[in-house]
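J.: Dropping in data_6.cif, which is mmCIF, C-alpha atoms:
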```cif
data_upload
loop_
_atom_site.label_atom_id
_atom_site.label_comp_id
_atom_site.auth_asym_id
_atom_site.auth_seq_id
_atom_site.Cartn_x
_atom_site.Cartn_y
_atom_site.Cartn_z
CA MET D 1 -3.61 10.48 13.23
CA LEU D 2 -4.40 7.42 11.11
CA GLY D 3 -1.59 5.50 12.77
CA THR D 4 -3.07 6.30 16.18
CA VAL D 5 -6.53 5.19 15.05
CA LEU D 6 -5.13 1.95 13.62
CA ARG D 7 -3.20 1.23 16.82
CA LEU D 8 -6.35 1.75 18.90
CA MET D 9 -8.26 -0.54 16.56
CA LEU D 10 -5.58 -3.19 16.93
CA MET D 11 -5.97 -3.11 20.69
CA MET D 12 -9.76 -3.37 20.31
CA GLY D 13 -9.57 -6.13 17.68
CA CYS D 14 -11.32 -4.09 14.98
CA ALA D 15 -10.66 -4.01 11.24
CA ALA D 16 -9.44 -0.86 9.51
CA SER D 17 -11.78 0.67 6.96
CA PRO D 18 -11.49 3.27 4.19
CA ALA D 19 -13.49 5.79 6.21
CA MET D 20 -10.57 6.02 8.63
CA ALA D 21 -8.12 7.14 5.98
CA ALA D 22 -8.66 10.88 6.46
CA ASP D 23 -5.02 11.51 7.40
CA THR D 24 -2.73 9.85 4.90
CA SER D 25 0.48 11.68 5.82
CA VAL D 26 2.17 8.59 7.32
CA GLY D 27 1.34 6.54 4.23
CA GLU D 28 2.55 9.34 1.98
CA ALA D 29 5.88 9.50 3.83
CA LEU D 30 6.31 5.72 3.62
CA PHE D 31 5.39 5.76 -0.07
CA SER D 32 7.93 8.52 -0.73
CA ARG D 33 10.64 6.52 1.00
CA TYR D 34 9.96 3.04 -0.39
CA CYS D 35 7.91 3.38 -3.59
CA ALA D 36 8.38 6.75 -5.31
CA THR D 37 11.72 5.84 -6.87
CA CYS D 38 9.86 3.62 -9.33
CA HIS D 39 6.25 4.77 -9.12
CA GLY D 40 6.97 8.51 -8.90
CA LYS D 41 6.03 11.13 -6.36
CA GLY D 42 2.46 11.22 -7.66
CA ALA D 43 2.29 7.39 -7.96
CA GLN D 44 1.79 7.58 -11.73
CA GLY D 45 4.59 5.19 -12.69
CA ASP D 46 7.00 7.96 -13.59
CA GLY D 47 9.69 7.73 -10.93
CA PRO D 48 13.37 8.33 -11.73
CA THR D 49 14.10 4.61 -12.17
CA ALA D 50 10.99 3.85 -14.26
CA ALA D 51 12.96 4.09 -17.50
CA ILE D 52 15.53 1.46 -16.49
CA VAL D 53 13.35 -1.34 -15.13
CA SER D 54 12.23 -4.08 -17.53
CA VAL D 55 8.57 -3.80 -16.52
CA HIS D 56 7.22 -0.26 -16.43
CA PRO D 57 5.86 0.65 -12.98
CA THR D 58 2.09 0.75 -12.70
CA ASP D 59 0.21 4.03 -12.48
CA LEU D 60 -1.10 3.46 -8.97
CA THR D 61 -3.67 6.25 -9.27
CA LEU D 62 -5.65 4.05 -11.69
CA LEU D 63 -5.96 0.92 -9.56
CA SER D 64 -9.66 1.45 -8.84
CA ALA D 65 -10.44 2.42 -12.44
CA SER D 66 -8.78 -0.73 -13.74
CA ASN D 67 -10.68 -2.83 -11.18
CA GLY D 68 -14.25 -1.86 -12.03
CA GLY D 69 -14.24 1.19 -9.74
CA THR D 70 -13.29 -0.74 -6.59
CA PHE D 71 -9.92 -0.27 -4.93
CA PRO D 72 -8.23 -3.73 -4.87
CA VAL D 73 -7.16 -3.72 -1.21
CA THR D 74 -6.20 -7.37 -1.01
CA ARG D 75 -4.12 -7.29 -4.19
CA VAL D 76 -2.30 -4.12 -3.13
CA VAL D 77 -1.52 -5.42 0.37
CA ARG D 78 -0.26 -8.71 -1.06
CA ARG D 79 1.96 -6.96 -3.63
CA ILE D 80 3.54 -4.64 -1.06
CA ASP D 81 4.23 -7.26 1.59
CA GLY D 82 5.38 -9.91 -0.86
CA ARG D 83 2.57 -12.46 -0.73
CA ASP D 84 2.13 -11.78 -4.48
CA THR D 85 5.26 -11.07 -6.50
CA VAL D 86 5.75 -8.76 -9.45
CA ILE D 87 8.60 -9.16 -11.88
CA ALA D 88 10.54 -5.95 -12.47
CA HIS D 89 14.07 -5.29 -13.70
CA GLY D 90 14.71 -9.04 -14.02
CA SER D 91 13.85 -9.82 -10.41
CA PRO D 92 10.81 -9.53 -8.17
CA MET D 93 9.59 -6.07 -7.27
CA PRO D 94 11.14 -5.04 -3.96
CA ILE D 95 9.18 -6.70 -1.20
CA TYR D 96 8.71 -4.54 1.84
CA GLY D 97 7.04 -7.00 4.19
CA ALA D 98 10.39 -7.75 5.84
CA PHE D 99 11.05 -4.03 6.44
CA PHE D 100 7.87 -3.88 8.48
CA GLU D 101 8.20 -7.15 10.42
CA GLY D 102 7.75 -6.79 14.13
CA ARG D 103 5.24 -3.98 13.66
CA PRO D 104 1.65 -4.42 14.86
CA VAL D 105 -0.54 -6.42 12.48
CA VAL D 106 -4.05 -5.14 11.85
CA PRO D 107 -6.98 -6.61 9.90
CA VAL D 108 -8.17 -4.34 7.11
CA GLU D 109 -11.57 -4.50 5.41
CA THR D 110 -11.65 -5.58 1.78
CA ASP D 111 -14.38 -6.32 -0.73
CA GLY D 112 -14.12 -9.92 0.53
CA ASP D 113 -12.68 -11.30 3.73
CA PRO D 114 -10.52 -8.99 5.87
CA ILE D 115 -6.78 -9.35 5.33
CA LYS D 116 -4.13 -8.79 7.99
CA ALA D 117 -1.10 -6.63 7.33
CA SER D 118 1.41 -4.58 9.26
CA LEU D 119 0.49 -0.99 10.06
CA PRO D 120 3.04 0.52 7.64
CA VAL D 121 1.66 -1.54 4.75
CA ILE D 122 -1.88 -0.46 5.61
CA GLU D 123 -0.76 3.17 5.84
CA ILE D 124 0.65 2.94 2.28
CA VAL D 125 -2.49 1.18 1.03
CA GLU D 126 -4.74 3.87 2.50
CA TYR D 127 -2.56 6.59 0.95
CA LEU D 128 -2.89 4.88 -2.45
CA ARG D 129 -6.64 4.54 -1.98
CA ALA D 130 -6.85 8.30 -1.39
CA LEU D 131 -4.94 8.96 -4.66
CA GLN D 132 -7.39 7.15 -6.90
CA ALA D 133 -8.58 9.07 -9.96
CA GLU D 134 -12.27 9.86 -9.95
#
```
Output the structure of this file as structure tokens.
T.:
Amino acid sequence: MLGTVLRLMLMMGCAASPAMAADTSVGEALFSRYCATCHGKGAQGDGPTAAIVSVHPTDLTLLSASNGGTFPVTRVVRRIDGRDTVIAHGSPMPIYGAFFEGRPVVPVETDGDPIKASLPVIEIVEYLRALQAE
């Protein structure tokens, strides 16, 4: 559902917003495939490879709490697609921007200027936003 909404928004030139993140199943599936090995199924930094990387994976359910209660959309997008790098296990965190090249790019609302990202990256970001601890 969210993917369909985002695709329609792309055609209309609109920015994605948190209110549209009701269905996070696509983002959850992408997270499970690309991120859960390190960050864990529940995104709490406890994946099966967490013990062997040199930098412990972040508990992604606490991103808002560690950012003054605001989900850091821009930072998360930039970390996933490789615009910002993270050092882990002696090399940068896997960068998934290349995996999603050629996919539609959509602007997403942030607490500042909108940022553009591929639909799969936005799907993961919206899934992570939905996981935030209250």
J.: Could you jot down the CA of Gln132 (chain D) to CA of Gln44 (chain D) separation for me, Å, one decimal place?
T.: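 Separation between CA of Gln132 (chain D) and CA of Gln44 (chain D): 10.4 Å.
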J.: Run the PyMOL selection byres ((chain D and resi 45) around 10) mentally over the shown coordinates, then write out the matched residues as a PDB file with C-alpha atoms, in the frame of the given file, using the chain letters and numbers from the document.
T.:
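Final output, saved to expr-v4.pdb:
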```
ATOM      1  CA  CYS D  35       7.910   3.380  -3.590  1.00  0.00           C
ATOM      2  CA  ALA D  36       8.380   6.750  -5.310  1.00  0.00           C
ATOM      3  CA  THR D  37      11.720   5.840  -6.870  1.00  0.00           C
ATOM      4  CA  CYS D  38       9.860   3.620  -9.330  1.00  0.00           C
ATOM      5  CA  HIS D  39       6.250   4.770  -9.120  1.00  0.00           C
ATOM      6  CA  GLY D  40       6.970   8.510  -8.900  1.00  0.00           C
ATOM      7  CA  LYS D  41       6.030  11.130  -6.360  1.00  0.00           C
ATOM      8  CA  GLY D  42       2.460  11.220  -7.660  1.00  0.00           C
ATOM      9  CA  ALA D  43       2.290   7.390  -7.960  1.00  0.00           C
ATOM     10  CA  GLN D  44       1.790   7.580 -11.730  1.00  0.00           C
ATOM     11  CA  ASP D  46       7.000   7.960 -13.590  1.00  0.00           C
ATOM     12  CA  GLY D  47       9.690   7.730 -10.930  1.00  0.00           C
ATOM     13  CA  PRO D  48      13.370   8.330 -11.730  1.00  0.00           C
ATOM     14  CA  THR D  49      14.100   4.610 -12.170  1.00  0.00           C
ATOM     15  CA  ALA D  50      10.990   3.850 -14.260  1.00  0.00           C
ATOM     16  CA  ALA D  51      12.960   4.090 -17.500  1.00  0.00           C
ATOM     17  CA  HIS D  56       7.220  -0.260 -16.430  1.00  0.00           C
ATOM     18  CA  PRO D  57       5.860   0.650 -12.980  1.00  0.00           C
ATOM     19  CA  THR D  58       2.090   0.750 -12.700  1.00  0.00           C
ATOM     20  CA  ASP D  59       0.210   4.030 -12.480  1.00  0.00           C
ATOM     21  CA  LEU D  60      -1.100   3.460  -8.970  1.00  0.00           C
ATOM     22  CA  THR D  61      -3.670   6.250  -9.270  1.00  0.00           C
TER      23      THR D  61
END
```
J.: For Glu134 (chain D), which of D:Pro120, D:Gly69, D:Gly82, D:Pro114 is the closest residue, counting all atoms listed in the file?
T.: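 Of all the options, D:Gly69 lies closest to Glu134 (chain D).
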J.: Quick one: pull the distance between CA of Val121 (chain D) and CA of Asp81 (chain D), Å, one decimal.
T.: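 CA of Asp81 (chain D) lies 7.0 Å from CA of Val121 (chain D).
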J.: Can you work out the spacing between CA of Leu119 (chain D) and CA of Val26 (chain D) in Å, to one decimal?
T.: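 The value is 10.1 Å.
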J.: Which residue, D:Asp84, D:Ser32, D:Asp111, D:Glu123, has the smallest gap to Thr70 (chain D) when you use all atoms listed in the file?
T.: D:Asp111
J.: Quick one: of D:Ala130, D:Val77, D:Arg83, D:Gly102, who's nearest to Ala117 (chain D), counting all atoms listed in the file?
T.: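 Selected residue with least distance to Ala117 (chain D): D:Val77.
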J.: Go through D:Thr110, D:Arg79, D:Phe99, D:Val73 one by one, measure the shortest atom-to-atom distance of each to Arg129 (chain D) using all atoms listed in the file, and give the residue with the smallest value.
T.: D:Val73
J.: Find the spatial neighbours of Ser118 (chain D), counting only C-alpha atoms, within a cut-off of 8 Å - ignore same-chain residues fewer than 2 positions away - and output them as a list in words.
T.: Gly97, Phe100, Glu101, Arg103, Pro104, Val105, Val106, Lys116, Pro120, Val121 and Ile122 of chain D
J.: Restricting the output to C-alpha atoms, write the selected residues as a PDB file, keeping the file's coordinate frame.
T.:
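Wrote result.pdb, looks like this:
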```
ATOM      1  CA  GLY D  97       7.040  -7.000   4.190  1.00  0.00           C
ATOM      2  CA  PHE D 100       7.870  -3.880   8.480  1.00  0.00           C
ATOM      3  CA  GLU D 101       8.200  -7.150  10.420  1.00  0.00           C
ATOM      4  CA  ARG D 103       5.240  -3.980  13.660  1.00  0.00           C
ATOM      5  CA  PRO D 104       1.650  -4.420  14.860  1.00  0.00           C
ATOM      6  CA  VAL D 105      -0.540  -6.420  12.480  1.00  0.00           C
ATOM      7  CA  VAL D 106      -4.050  -5.140  11.850  1.00  0.00           C
ATOM      8  CA  LYS D 116      -4.130  -8.790   7.990  1.00  0.00           C
ATOM      9  CA  PRO D 120       3.040   0.520   7.640  1.00  0.00           C
ATOM     10  CA  VAL D 121       1.660  -1.540   4.750  1.00  0.00           C
ATOM     11  CA  ILE D 122      -1.880  -0.460   5.610  1.00  0.00           C
TER      12      ILE D 122
END
```
